[in-house]
Number of protein chains: 2
Amino acid sequence: MLVHSIEEVREEVYSWKKEGLSIGLVPTMGALHEGHLSLIKKAKATCDKVIVSDFVNPIQFGPSEDFDKYPRTLEADVKLCSNEGVDIVFAPSANEMYGEGNRLSNDTLTYVCPPFFYVNKLCGKTRTGHFDGVCTVVLKLFNIVQPNYAFFGQKDAQQVIIIKKMVKDLNVPIKIIQCPIVREESGLALSSRNKYLSESGKKDALVLSRILNNIKSCYKKGIKDVSALKETAYDFLNDKHDLEYLEIVDRESLEDKITADDNSIALIACRVENVRLIDNIYLSEV
Amino acid sequence: MLVHSIEEVREEVYSWKKEGLSIGLVPTMGALHEGHLSLIKKAKATCDKVIVSDFVNPIQFGPSEDFDKYPRTLEADVKLCSNEGVDIVFAPSANEMYGEGNRLSNDTLTYVCPPFFYVNKLCGKTRTGHFDGVCTVVLKLFNIVQPNYAFFGQKDAQQVIIIKKMVKDLNVPIKIIQCPIVREESGLALSSRNKYLSESGKKDALVLSRILNNIKSCYKKGIKDVSALKETAYDFLNDKHDLEYLEIVDRESLEDKITADDNSIALIACRVENVRLIDNIYLSEV
């Protein structure tokens with residue numbers, strides 16, 4: 001069922017809660033792919049009722065980012081969700097979420113601001129204000145849906161870590177479930193932004209997962225020095241790749257590492273055909 | 001019942017919710033006086049169960065403010081609450097609220113940041129970060145207790161307006177109930193900080209309510225010009241008074257007024273014996 005209004009979601013949720021049913025939320029920006037579907041399947045397996053939110057959140061995009069051209073495929077999304085047995089697809093307008101005529105800035109809106117230590121690195125370094133926008137919309141969705149569980153993909157690793165930190169810091173009564181990255185057979189991590197890539201761009205984009213897999217196998221072979229591990233990337237990069245960052249940090253605290261260990265995660269952001277792609281890998285299975 | 005742990009509050013609340021009982025929260029920093037008791041009585045009249053939180057929140061005090069010497073009277077508070085039939089007094093430690101060994105800064109903790117427009121004026125002008133600290137702890141308490149209603153005093157007018165804005169902006173599923181200022185017979189607004197005043201200081205402190213009452217009666221007599229209304233204050237002030245601000249603004253949006261109207265509120269902050277006191281009055285009854 002496609003729902004656009006906050007009030008309608010609340011009424012539905014209220015009746016479910018009265019029956020004692022558990023509720024799962026899968027927050028998305030739409031343009032659903034197999035990665036999202038894996039979250040939805042997990043939610044279906046965990047909860048009595050599942051709500052997928054489908055909202056391209058303006059306040060998490062910077063002024064020079066791709067908000068306007070971000071893919072919007074609501075009709076197809078609803079069909080996919082319906083096939084998976086999703087109970088509600090919640091697709092509000094920006095006015096419904098932020099109020100009519102509101103200037104979307106911290107001059108006029110209350111924001112949730114994750115800690116600088118988690119934000120001033122990796123994607124947050126170039127995407128100023130991005131994680132404030134993410135935390136704010138996620139907390140709003142949490143308050144609207146009041147789910148027992150919320151499902152996030154490991155693909156946006158820094159995002160999941162920051163959301164878990166928000167949940168802990170603000171005592172949000174919701175359990176965050178993190179689901180593994182889904183990849184094409186080629187190794188390319190699924191992303192709504194892959195749609196921007198040409199066929200040859202998709203091939204160039206394989207460099208992200210190759211660099212990460214190689215770092216992992218070097219780590220397994222005994223190379224623990226982070227600088228040495230990072231240097232292995234240069235064998236893969238050419239002028240089709242605009243590397244933004246490659247970092248190896250603690251997978252929970254995001255603290256920098258000098259020496260990698262089994263709690264380390266390697267993360268990469270790289271532009272291909274001017275499309276910003278990210279990927280990550282745990283150096284050791286949990 | 002006095003409870004120190006978040007877990008214990010949650011268990012109790014969970015069992016109440018299962019029974020379908022409504023829950024009211026009265027957030028306080030302790031040092032309870034008749035002002036707080038009026039909130040508690042209102043909560044008792046509105047809800048099946050009432051929780052009073054009693055927590056001097058470190059992150060809403062500036063480095064040069066009175067966090068250390070702020071009055072702490074937990075035993076007396078519990079007795080007062082018990083007389084009023086409060087179900088739980090929730091008095092957590094700072095460690096329970098913010099985690100052991102956490103640095104209390106936005107470098108390591110997630111904050112809720114109300115909009116600059118509401119913050120960069122009145123009390124927020126001199127108390128940098130104060131309302132970030134207030135919103136953060138209030139949202140935490142909301143998430144811990146998950147009340148249907150929360151009760152705040154009109155005495156901290158800017159605070160109530162900012163909390164209502166937070167609730168709206170973040171879709172918090174809680175109704176905010178605002179209760180009128182309670183005054184001594186002399187007119188002095190009740191405040192935990194009145195304890196810092198000497199007897200003669202308490203007399204000097206009457207200037208706040210006198211200035212406000214006079215502005216209101218001038219307004220009723222037809223003076224609408226905000227500058228003219230504010231100038232009437234100087235008849236009352238002497239060298240015992242260190243005026244911080246006197247403003248007349250919209251009672252909901254906090255927008256500045258040139259001409260006062262029935263939606264205006266007059267607010268004052270003034271130091272007496274170096275104790276910072278605040279008060280406010282609606283120029284017209286609602």
# chains A, B, ... in the order shown; residues from 1 in each chain; ligands from 1
>>> residues_around(residues="range 150-160 of chain B", least_positions_apart="6", cutoff="8 Å", atoms="only C-alpha atoms", output="JSON, numbers by chain")
{"B": [24, 25, 26, 27, 35, 36, 39, 40, 42, 43, 118, 122, 123, 131, 134, 174, 175, 176, 177, 178, 179, 180, 181, 189, 254, 278, 279, 280]}
>>> residues_around(residues="Ser64 in chain B", least_positions_apart="5", cutoff="12 Å", atoms="only C-alpha atoms", output="number ranges by chain")
B: 69, 126-128
>>> select_by_dssp(residues="range 109-241 of chain B", states="helix (DSSP H, G or I)", output="ChimeraX atom specification")
/B:116-119,122-126,130-145,157-169,192-196,199-204,206-220,226-235
>>> residues_around(residues="Leu74 in chain B", least_positions_apart="2", cutoff="10 Å", atoms="only C-alpha atoms", output="list in words")
Leu2, Met29, Gly30, Ala31, Leu32, Asp54, Phe55, Pro71, Arg72, Ala76, Asp77, Val78, Lys79, Leu80, Val89 and Ala91 of chain B
>>> interface_residues(of="chain A", to="chain B", cutoff="9 Å", atoms="only C-alpha atoms", output="PyMOL selection string")
chain A and resi 18+20+97-99+105-118+136-137+139-144+146+162+165-173
>>> closest_residue(among="A:Ser38, A:Ser93, A:Ser209, A:Asn83", to="Pro58 in chain A", atoms="only C-alpha atoms")
A:Ser93
>>> residues_around(residues="Leu246 in chain A", least_positions_apart="3", cutoff="8 Å", atoms="only C-alpha atoms", output="PyMOL selection string")
chain A and resi 230+243+266-269
>>> atom_distance(atom1="CA of Cys47 in chain A", atom2="CA of His33 in chain A")
21.0 Å
